[in-house]
Amino acid sequence: MPDQTTLQKLKEKYGTVLKLTSDDQIITAYCKKPTFTTFLNYQNKYKDNPHEAILFLFQECVLDEENYDDEFMLSAGNSIVAMIKNDSEFSIDATPQKDEFKKSAALIRYAFHVDPYQLAMDEFYKLLEEALWLQKHNEKRMENTFMTAFAQTFSN
């Protein structure tokens, strides 16, 4: 188990650090939230073998080098997926369409000039929410501009 200084350094490096504990409180693992790229790889693997996909997700996110049994890794991996679902106010099914993520990534890249594939999933969803708000705001502004232009054109 890492001490407080080590945990603080991990938080500075990865942002959110998840503490995942077995039901019997014997096993504890510290994990980072997966990046967008890791989550896409998880989805691709999930189609062929859900068991292996969940193990992959856990292994990509765990921050220590200990050996864990498969049952704990599956449980922890499922917990990570559940946290990703909670990070989003959008309803996400375990295998959303790849096209939806690509559109979302393009919107984030365009709005904020960042590489969305390197973002943690919670940050990805925060930026997606903001990008959607900006898009809606810009559409309203354009709509108001057109309405004003039409009003001026037809009032003369």
# chains A, B, ... in the order shown; residues from 1 in each chain; ligands from 1

call {"tool": "residues_around", "arguments": {"residues": "region 20-29 of chain A", "least_positions_apart": "4", "cutoff": "8 Å", "atoms": "only C-alpha atoms", "output": "ChimeraX atom specification"}}
result
/A:1,62-64,72,76,79

call {"tool": "atom_distance", "arguments": {"atom1": "CA of Thr35 (chain A)", "atom2": "CA of Leu119 (chain A)"}}
result
5.2 Å

call {"tool": "closest_residue", "arguments": {"among": "A:Glu123, A:Lys33, A:Asp69, A:Glu52", "to": "Val81 (chain A)", "atoms": "only C-alpha atoms"}}
result
A:Lys33

call {"tool": "residues_around", "arguments": {"residues": "Leu127 (chain A)", "least_positions_apart": "3", "cutoff": "9 Å", "atoms": "only C-alpha atoms", "output": "list in words"}}
result
Ile108, Ala111, Phe112, Pro116, Asp122, Glu123, Phe124, Glu130, Ala131 and Leu132 of chain A

call {"tool": "select_by_dssp", "arguments": {"residues": "region 45-94 of chain A", "states": "alpha helix (DSSP H)", "output": "PDB file with C-alpha atoms, in the first residue's frame"}}
result
ATOM      1  CA  LYS A  45     -11.294  -6.179 -27.514  1.00  0.00           C
ATOM      2  CA  TYR A  46     -14.732  -6.390 -25.880  1.00  0.00           C
ATOM      3  CA  LYS A  47     -16.356  -7.384 -29.172  1.00  0.00           C
ATOM      4  CA  ASP A  48     -14.193 -10.504 -29.446  1.00  0.00           C
ATOM      5  CA  PRO A  50     -15.311  -9.448 -22.962  1.00  0.00           C
ATOM      6  CA  HIS A  51     -13.297 -11.337 -20.321  1.00  0.00           C
ATOM      7  CA  GLU A  52      -9.957 -10.420 -21.922  1.00  0.00           C
ATOM      8  CA  ALA A  53     -11.134  -6.840 -22.543  1.00  0.00           C
ATOM      9  CA  ILE A  54     -11.888  -6.265 -18.867  1.00  0.00           C
ATOM     10  CA  LEU A  55      -8.537  -7.763 -17.847  1.00  0.00           C
ATOM     11  CA  PHE A  56      -6.826  -5.504 -20.418  1.00  0.00           C
ATOM     12  CA  LEU A  57      -8.590  -2.427 -19.027  1.00  0.00           C
ATOM     13  CA  PHE A  58      -7.526  -3.252 -15.477  1.00  0.00           C
ATOM     14  CA  GLN A  59      -3.913  -3.933 -16.484  1.00  0.00           C
ATOM     15  CA  GLU A  60      -3.738  -0.639 -18.388  1.00  0.00           C
ATOM     16  CA  CYS A  61      -5.050   1.328 -15.416  1.00  0.00           C
ATOM     17  CA  ASP A  70      -8.241 -12.917 -12.306  1.00  0.00           C
ATOM     18  CA  GLU A  71     -11.352 -12.628 -10.139  1.00  0.00           C
ATOM     19  CA  PHE A  72     -10.114  -9.395  -8.531  1.00  0.00           C
ATOM     20  CA  MET A  73      -8.929  -7.977 -11.870  1.00  0.00           C
ATOM     21  CA  LEU A  74     -12.338  -8.687 -13.453  1.00  0.00           C
ATOM     22  CA  SER A  75     -14.173  -7.133 -10.531  1.00  0.00           C
ATOM     23  CA  ALA A  76     -11.884  -4.080 -10.528  1.00  0.00           C
ATOM     24  CA  GLY A  77     -12.122  -3.766 -14.318  1.00  0.00           C
ATOM     25  CA  ASN A  78     -15.909  -3.808 -14.092  1.00  0.00           C
ATOM     26  CA  SER A  79     -15.689  -1.114 -11.411  1.00  0.00           C
ATOM     27  CA  ILE A  80     -13.598   1.039 -13.749  1.00  0.00           C
ATOM     28  CA  VAL A  81     -16.196   0.621 -16.518  1.00  0.00           C
ATOM     29  CA  ALA A  82     -18.945   1.570 -14.046  1.00  0.00           C
ATOM     30  CA  MET A  83     -16.994   4.703 -13.051  1.00  0.00           C
ATOM     31  CA  ILE A  84     -16.604   5.675 -16.701  1.00  0.00           C
ATOM     32  CA  LYS A  85     -20.362   5.366 -17.131  1.00  0.00           C
ATOM     33  CA  ASN A  86     -20.870   7.575 -14.078  1.00  0.00           C
ATOM     34  CA  ASP A  87     -18.416  10.184 -15.391  1.00  0.00           C
TER      35      ASP A  87
END

call {"tool": "residues_around", "arguments": {"residues": "Leu40 (chain A)", "least_positions_apart": "3", "cutoff": "9 Å", "atoms": "only C-alpha atoms", "output": "ChimeraX atom specification"}}
result
/A:35-37,43-45,98,101,117

call {"tool": "write_last_selection", "arguments": {"atoms": "N, CA and C atoms", "output": "compact mmCIF listing (two decimals), in the first residue's frame"}}
result
# COMPACT_ATOMS: atom_id res chain seq x y z
N THR A 35 -7.34 6.37 -20.37
CA THR A 35 -7.40 7.41 -21.39
C THR A 35 -8.43 7.00 -22.44
N PHE A 36 -8.76 7.93 -23.28
CA PHE A 36 -9.72 7.67 -24.35
C PHE A 36 -9.21 6.55 -25.25
N THR A 37 -7.92 6.58 -25.57
CA THR A 37 -7.33 5.54 -26.42
C THR A 37 -7.44 4.17 -25.75
N GLN A 43 -12.88 -1.35 -25.96
CA GLN A 43 -14.09 -1.62 -26.74
C GLN A 43 -13.83 -2.58 -27.89
N ASN A 44 -12.71 -2.36 -28.58
CA ASN A 44 -12.38 -3.26 -29.69
C ASN A 44 -12.18 -4.69 -29.21
N LYS A 45 -11.52 -4.85 -28.08
CA LYS A 45 -11.29 -6.18 -27.51
C LYS A 45 -12.60 -6.78 -26.98
N LYS A 98 -18.40 2.96 -32.27
CA LYS A 98 -17.11 3.62 -32.43
C LYS A 98 -17.30 4.98 -33.10
N PHE A 101 -17.90 7.88 -30.72
CA PHE A 101 -16.69 8.37 -30.06
C PHE A 101 -15.84 9.19 -31.02
N TYR A 117 -7.63 11.73 -27.59
CA TYR A 117 -7.25 10.35 -27.33
C TYR A 117 -6.28 10.21 -26.16

call {"tool": "select_by_dssp", "arguments": {"residues": "chain A", "states": "strand (DSSP E or B)", "output": "VMD selection string"}}
result
chain A and resid 17 to 21 28 to 32 35 62 120
